[in-house]
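J.: I am sharing run.pdb, which consists of PDB, C-alpha atoms and all ligand atoms:
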ATOM      1  CA  MET A   1     180.958 112.328 107.889  1.00  0.00           C
ATOM      2  CA  ARG A   2     178.081 112.652 105.450  1.00  0.00           C
ATOM      3  CA  LEU A   3     176.100 109.620 104.296  1.00  0.00           C
ATOM      4  CA  ARG A   4     173.178 109.421 101.918  1.00  0.00           C
ATOM      5  CA  VAL A   5     170.844 106.607 102.968  1.00  0.00           C
ATOM      6  CA  ASN A   6     167.414 105.845 101.504  1.00  0.00           C
ATOM      7  CA  GLY A   7     167.234 109.233  99.815  1.00  0.00           C
ATOM      8  CA  ALA A   8     168.137 111.282 102.893  1.00  0.00           C
ATOM      9  CA  ASP A   9     171.418 112.909 103.923  1.00  0.00           C
ATOM     10  CA  HIS A  10     172.829 112.103 107.351  1.00  0.00           C
ATOM     11  CA  GLU A  11     175.741 113.570 109.238  1.00  0.00           C
ATOM     12  CA  VAL A  12     177.379 110.959 111.452  1.00  0.00           C
ATOM     13  CA  ASP A  13     180.191 111.431 113.929  1.00  0.00           C
ATOM     14  CA  VAL A  14     181.965 108.061 113.839  1.00  0.00           C
ATOM     15  CA  GLU A  15     185.403 106.616 113.163  1.00  0.00           C
ATOM     16  CA  ASP A  16     186.190 105.809 109.510  1.00  0.00           C
ATOM     17  CA  ASP A  17     186.763 102.156 110.326  1.00  0.00           C
ATOM     18  CA  MET A  18     183.341 101.481 111.814  1.00  0.00           C
ATOM     19  CA  PRO A  19     181.441  98.922 109.718  1.00  0.00           C
ATOM     20  CA  LEU A  20     178.541 100.405 107.761  1.00  0.00           C
ATOM     21  CA  LEU A  21     176.159  97.937 109.450  1.00  0.00           C
ATOM     22  CA  TRP A  22     176.939  99.425 112.862  1.00  0.00           C
ATOM     23  CA  VAL A  23     176.399 102.960 111.576  1.00  0.00           C
ATOM     24  CA  LEU A  24     173.078 102.068 109.979  1.00  0.00           C
ATOM     25  CA  ARG A  25     171.703 100.236 112.994  1.00  0.00           C
ATOM     26  CA  ASP A  26     173.233 102.009 115.985  1.00  0.00           C
ATOM     27  CA  GLU A  27     173.748 105.560 114.722  1.00  0.00           C
ATOM     28  CA  LEU A  28     170.835 105.947 112.301  1.00  0.00           C
ATOM     29  CA  GLY A  29     168.342 103.479 113.805  1.00  0.00           C
ATOM     30  CA  ILE A  30     167.853 101.700 110.465  1.00  0.00           C
ATOM     31  CA  THR A  31     167.363  98.138 111.636  1.00  0.00           C
ATOM     32  CA  GLY A  32     166.347  96.297 108.451  1.00  0.00           C
ATOM     33  CA  PRO A  33     169.923  95.138 107.822  1.00  0.00           C
ATOM     34  CA  LYS A  34     170.680  92.412 110.368  1.00  0.00           C
ATOM     35  CA  TYR A  35     173.836  91.238 112.109  1.00  0.00           C
ATOM     36  CA  GLY A  36     174.278  87.543 111.455  1.00  0.00           C
ATOM     37  CA  CYS A  37     177.921  86.540 111.295  1.00  0.00           C
ATOM     38  CA  GLY A  38     179.947  89.729 110.959  1.00  0.00           C
ATOM     39  CA  ILE A  39     182.340  88.011 108.546  1.00  0.00           C
ATOM     40  CA  ALA A  40     180.590  88.097 105.136  1.00  0.00           C
ATOM     41  CA  GLN A  41     179.337  84.529 105.456  1.00  0.00           C
ATOM     42  CA  CYS A  42     175.565  84.896 105.873  1.00  0.00           C
ATOM     43  CA  GLY A  43     174.231  87.886 103.907  1.00  0.00           C
ATOM     44  CA  ALA A  44     171.858  89.079 106.651  1.00  0.00           C
ATOM     45  CA  CYS A  45     173.436  92.553 106.541  1.00  0.00           C
ATOM     46  CA  THR A  46     173.108  93.032 102.759  1.00  0.00           C
ATOM     47  CA  VAL A  47     172.333  96.550 101.527  1.00  0.00           C
ATOM     48  CA  HIS A  48     172.885  98.335  98.222  1.00  0.00           C
ATOM     49  CA  MET A  49     175.719 100.787  97.704  1.00  0.00           C
ATOM     50  CA  GLY A  50     175.289 102.570  94.390  1.00  0.00           C
ATOM     51  CA  GLY A  51     172.742  99.897  93.470  1.00  0.00           C
ATOM     52  CA  VAL A  52     175.174  97.024  94.061  1.00  0.00           C
ATOM     53  CA  ALA A  53     174.588  94.464  96.816  1.00  0.00           C
ATOM     54  CA  VAL A  54     177.259  94.670  99.520  1.00  0.00           C
ATOM     55  CA  ARG A  55     177.738  93.072 102.921  1.00  0.00           C
ATOM     56  CA  SER A  56     177.448  96.038 105.225  1.00  0.00           C
ATOM     57  CA  CYS A  57     179.308  94.225 108.025  1.00  0.00           C
ATOM     58  CA  GLN A  58     182.386  94.308 105.787  1.00  0.00           C
ATOM     59  CA  VAL A  59     182.143  97.835 104.341  1.00  0.00           C
ATOM     60  CA  LEU A  60     183.943 100.433 106.443  1.00  0.00           C
ATOM     61  CA  VAL A  61     181.909 103.598 106.640  1.00  0.00           C
ATOM     62  CA  GLY A  62     184.931 105.581 105.481  1.00  0.00           C
ATOM     63  CA  ASP A  63     184.858 103.598 102.232  1.00  0.00           C
ATOM     64  CA  VAL A  64     181.210 104.369 101.440  1.00  0.00           C
ATOM     65  CA  ASP A  65     181.360 106.329  98.200  1.00  0.00           C
ATOM     66  CA  ASP A  66     177.802 106.129  96.928  1.00  0.00           C
ATOM     67  CA  GLU A  67     174.209 106.200  98.063  1.00  0.00           C
ATOM     68  CA  VAL A  68     173.177 103.405 100.418  1.00  0.00           C
ATOM     69  CA  THR A  69     169.780 101.743 100.173  1.00  0.00           C
ATOM     70  CA  THR A  70     168.409  99.408 102.807  1.00  0.00           C
ATOM     71  CA  ILE A  71     165.203  97.375 102.769  1.00  0.00           C
ATOM     72  CA  GLU A  72     163.492 100.433 104.276  1.00  0.00           C
ATOM     73  CA  GLY A  73     164.281 102.384 101.099  1.00  0.00           C
ATOM     74  CA  LEU A  74     163.541  99.701  98.515  1.00  0.00           C
ATOM     75  CA  GLY A  75     159.777 100.082  98.577  1.00  0.00           C
ATOM     76  CA  THR A  76     156.983 100.981 100.942  1.00  0.00           C
ATOM     77  CA  PRO A  77     153.997  98.937 102.105  1.00  0.00           C
ATOM     78  CA  ILE A  78     151.785 100.774  99.613  1.00  0.00           C
ATOM     79  CA  ALA A  79     154.352 100.961  96.799  1.00  0.00           C
ATOM     80  CA  MET A  80     156.350  97.781  97.095  1.00  0.00           C
ATOM     81  CA  HIS A  81     159.290  96.860  94.891  1.00  0.00           C
ATOM     82  CA  ALA A  82     158.452  93.933  92.573  1.00  0.00           C
ATOM     83  CA  VAL A  83     160.712  91.681  94.651  1.00  0.00           C
ATOM     84  CA  GLN A  84     158.873  92.604  97.834  1.00  0.00           C
ATOM     85  CA  GLU A  85     155.521  91.963  96.129  1.00  0.00           C
ATOM     86  CA  ALA A  86     156.723  88.555  94.983  1.00  0.00           C
ATOM     87  CA  TRP A  87     157.936  87.786  98.512  1.00  0.00           C
ATOM     88  CA  VAL A  88     154.467  88.501  99.872  1.00  0.00           C
ATOM     89  CA  GLU A  89     152.801  86.530  97.085  1.00  0.00           C
ATOM     90  CA  HIS A  90     154.933  83.476  97.851  1.00  0.00           C
ATOM     91  CA  GLN A  91     154.800  83.989 101.640  1.00  0.00           C
ATOM     92  CA  VAL A  92     158.559  83.507 101.680  1.00  0.00           C
ATOM     93  CA  ALA A  93     159.447  84.599 105.203  1.00  0.00           C
ATOM     94  CA  GLN A  94     159.433  82.351 108.235  1.00  0.00           C
ATOM     95  CA  CYS A  95     161.264  83.916 111.196  1.00  0.00           C
ATOM     96  CA  GLY A  96     162.234  86.756 108.878  1.00  0.00           C
ATOM     97  CA  TYR A  97     165.747  87.312 110.199  1.00  0.00           C
ATOM     98  CA  CYS A  98     167.527  86.722 106.894  1.00  0.00           C
ATOM     99  CA  GLN A  99     164.841  88.141 104.656  1.00  0.00           C
ATOM    100  CA  ALA A 100     165.863  91.787 104.331  1.00  0.00           C
ATOM    101  CA  GLY A 101     169.271  90.610 103.176  1.00  0.00           C
ATOM    102  CA  GLN A 102     167.717  88.079 100.813  1.00  0.00           C
ATOM    103  CA  ILE A 103     165.484  90.729  99.235  1.00  0.00           C
ATOM    104  CA  MET A 104     168.326  93.231  98.852  1.00  0.00           C
ATOM    105  CA  GLN A 105     170.525  90.575  97.251  1.00  0.00           C
ATOM    106  CA  ALA A 106     167.714  89.450  94.931  1.00  0.00           C
ATOM    107  CA  SER A 107     166.748  92.970  93.831  1.00  0.00           C
ATOM    108  CA  ALA A 108     170.329  93.988  93.000  1.00  0.00           C
ATOM    109  CA  PHE A 109     170.801  90.690  91.145  1.00  0.00           C
ATOM    110  CA  LEU A 110     167.675  91.215  89.027  1.00  0.00           C
ATOM    111  CA  ASP A 111     168.870  94.707  88.116  1.00  0.00           C
ATOM    112  CA  LEU A 112     171.967  93.101  86.601  1.00  0.00           C
ATOM    113  CA  ASN A 113     170.294  89.987  85.232  1.00  0.00           C
ATOM    114  CA  PRO A 114     166.580  90.560  84.578  1.00  0.00           C
ATOM    115  CA  ASP A 115     165.984  87.129  83.034  1.00  0.00           C
ATOM    116  CA  PRO A 116     168.036  84.666  85.076  1.00  0.00           C
ATOM    117  CA  THR A 117     168.186  80.903  84.831  1.00  0.00           C
ATOM    118  CA  ASP A 118     167.595  78.798  87.940  1.00  0.00           C
ATOM    119  CA  ALA A 119     171.331  78.114  88.134  1.00  0.00           C
ATOM    120  CA  GLN A 120     172.085  81.834  87.999  1.00  0.00           C
ATOM    121  CA  ILE A 121     169.536  82.479  90.759  1.00  0.00           C
ATOM    122  CA  ASP A 122     171.104  79.782  92.925  1.00  0.00           C
ATOM    123  CA  ALA A 123     174.595  81.156  92.325  1.00  0.00           C
ATOM    124  CA  ALA A 124     173.564  84.741  93.046  1.00  0.00           C
ATOM    125  CA  MET A 125     171.774  83.775  96.252  1.00  0.00           C
ATOM    126  CA  SER A 126     174.284  81.209  97.519  1.00  0.00           C
ATOM    127  CA  GLY A 127     175.882  83.652  99.963  1.00  0.00           C
ATOM    128  CA  ASN A 128     172.587  84.412 101.715  1.00  0.00           C
ATOM    129  CA  LEU A 129     171.858  81.797 104.339  1.00  0.00           C
ATOM    130  CA  CYS A 130     168.450  81.009 105.796  1.00  0.00           C
ATOM    131  CA  ARG A 131     168.312  78.854 108.900  1.00  0.00           C
ATOM    132  CA  CYS A 132     164.570  78.368 108.336  1.00  0.00           C
ATOM    133  CA  GLY A 133     165.163  76.820 104.914  1.00  0.00           C
ATOM    134  CA  THR A 134     163.003  79.128 102.812  1.00  0.00           C
ATOM    135  CA  TYR A 135     165.188  78.555  99.742  1.00  0.00           C
ATOM    136  CA  PRO A 136     162.508  76.985  97.490  1.00  0.00           C
ATOM    137  CA  ARG A 137     160.160  79.918  98.080  1.00  0.00           C
ATOM    138  CA  ILE A 138     162.985  82.428  97.600  1.00  0.00           C
ATOM    139  CA  ARG A 139     163.709  80.941  94.156  1.00  0.00           C
ATOM    140  CA  ALA A 140     160.031  80.908  93.218  1.00  0.00           C
ATOM    141  CA  ALA A 141     159.628  84.531  94.320  1.00  0.00           C
ATOM    142  CA  ILE A 142     162.657  85.615  92.300  1.00  0.00           C
ATOM    143  CA  ARG A 143     161.186  83.947  89.205  1.00  0.00           C
ATOM    144  CA  THR A 144     157.892  85.744  89.806  1.00  0.00           C
ATOM    145  CA  ALA A 145     159.654  89.088  90.349  1.00  0.00           C
ATOM    146  CA  ALA A 146     161.728  88.609  87.189  1.00  0.00           C
ATOM    147  CA  ALA A 147     158.585  87.983  85.144  1.00  0.00           C
ATOM    148  CA  LYS A 148     156.877  90.973  86.723  1.00  0.00           C
ATOM    149  CA  LEU A 149     159.822  93.277  86.062  1.00  0.00           C
ATOM    150  CA  GLN A 150     159.855  92.198  82.435  1.00  0.00           C
ATOM    151  CA  GLY A 151     156.119  92.740  82.126  1.00  0.00           C
ATOM    152  CA  VAL A 152     155.501  89.058  81.304  1.00  0.00           C
TER     153      VAL A 152
HETATM  154  S1  LIG A 201     176.443  89.807 109.072  1.00  0.00           S
HETATM  155 FE1  LIG A 201     177.314  90.505 107.225  1.00  0.00          FE
HETATM  156  S2  LIG A 201     177.433  88.718 106.019  1.00  0.00           S
HETATM  157 FE2  LIG A 201     176.749  87.977 107.945  1.00  0.00          FE
HETATM  158  S1  LIG A 202     163.412  83.129 107.421  1.00  0.00           S
HETATM  159 FE1  LIG A 202     164.366  82.529 109.283  1.00  0.00          FE
HETATM  160  S2  LIG A 202     166.491  82.667 108.819  1.00  0.00           S
HETATM  161 FE2  LIG A 202     165.528  82.930 106.916  1.00  0.00          FE
END
Would you mind writing the file out in structure tokens?
Ligand code: FES
Ligand code: FES

T.:
Amino acid sequence: MRLRVNGADHEVDVEDDMPLLWVLRDELGITGPKYGCGIAQCGACTVHMGGVAVRSCQVLVGDVDDEVTTIEGLGTPIAMHAVQEAWVEHQVAQCGYCQAGQIMQASAFLDLNPDPTDAQIDAAMSGNLCRCGTYPRIRAAIRTAAAKLQGV
């Protein structure tokens, strides 16, 4: 089976019903997406499929029909995505476990809604849990990233 991930093509020899998260982590060694709950309740495994945020623990690899982007493909340390820059600026991460999923959710959300209200941010991020409680800094970083993306 052929998968395009972070701009590169991969041939993987797996069953169609293996969750995308397993393929990314165990077959391709892409470990940014994390296993949290396995049942679409935490958001730690969030990646983009065709630019849309999906829970990779719930997407069967046989159903992947578009390019997949993980945190590793969003930006690089020297050319960060605006959301990643804002995360650094606000020092959002604590333990970091949830943060790749948070950033992937936030970046896909800002693509759809570049000028969100606080309520829209809260709604969009409500499925991404953080046991360290970084929520206030996540919201602040999303506001900063939104302003940056709009050139404000
Ligand atoms: S591991 Fe996928 S949503 Fe929790
Ligand atoms: S930073 Fe620790 S779980 Fe979110």

J.: All residues within 6 Å of ligand LIG 201 (chain A) are required, counting all atoms listed in the file; please report them as a ChimeraX atom specification.

T.: /A:35-45,55-57

J.: Excluding same-chain residues fewer than 5 positions from A:Leu28, what lies within 10 Å of it counting all atoms listed in the file, as a list of chain:residue names?

T.: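 In the requested form, the answer reads A:Val5, A:His10, A:Glu11, A:Val12, A:Trp22, A:Val23.
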
J.: Would you mind telling me which residue in A:Leu149, A:Ala119, A:Cys95, A:Ile138 lies nearest to ligand LIG 202 (chain A) when using all atoms listed in the file?

T.: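 Comparing A:Leu149, A:Ala119, A:Cys95, A:Ile138 against ligand LIG 202 (chain A), the winner is A:Cys95.
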
J.: Please identify all protein, DNA and RNA residues within 12 Å of ligand LIG 202 (chain A), counting all atoms listed in the file, and report them as a PyMOL selection string.

T.: chain A and resi 34-36+42-44+87+91-103+128-138

J.: What does the distance between atom CA of A:Gln84 and atom CA of A:Asp66 come to in Å, to one decimal place?

T.: 23.3 Å

J.: Atom CA of A:Ala53 to atom CA of A:Ala108: how many Å, to one decimal?

T.: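 Atom-to-atom, atom CA of A:Ala53 to atom CA of A:Ala108, that is 5.7 Å.
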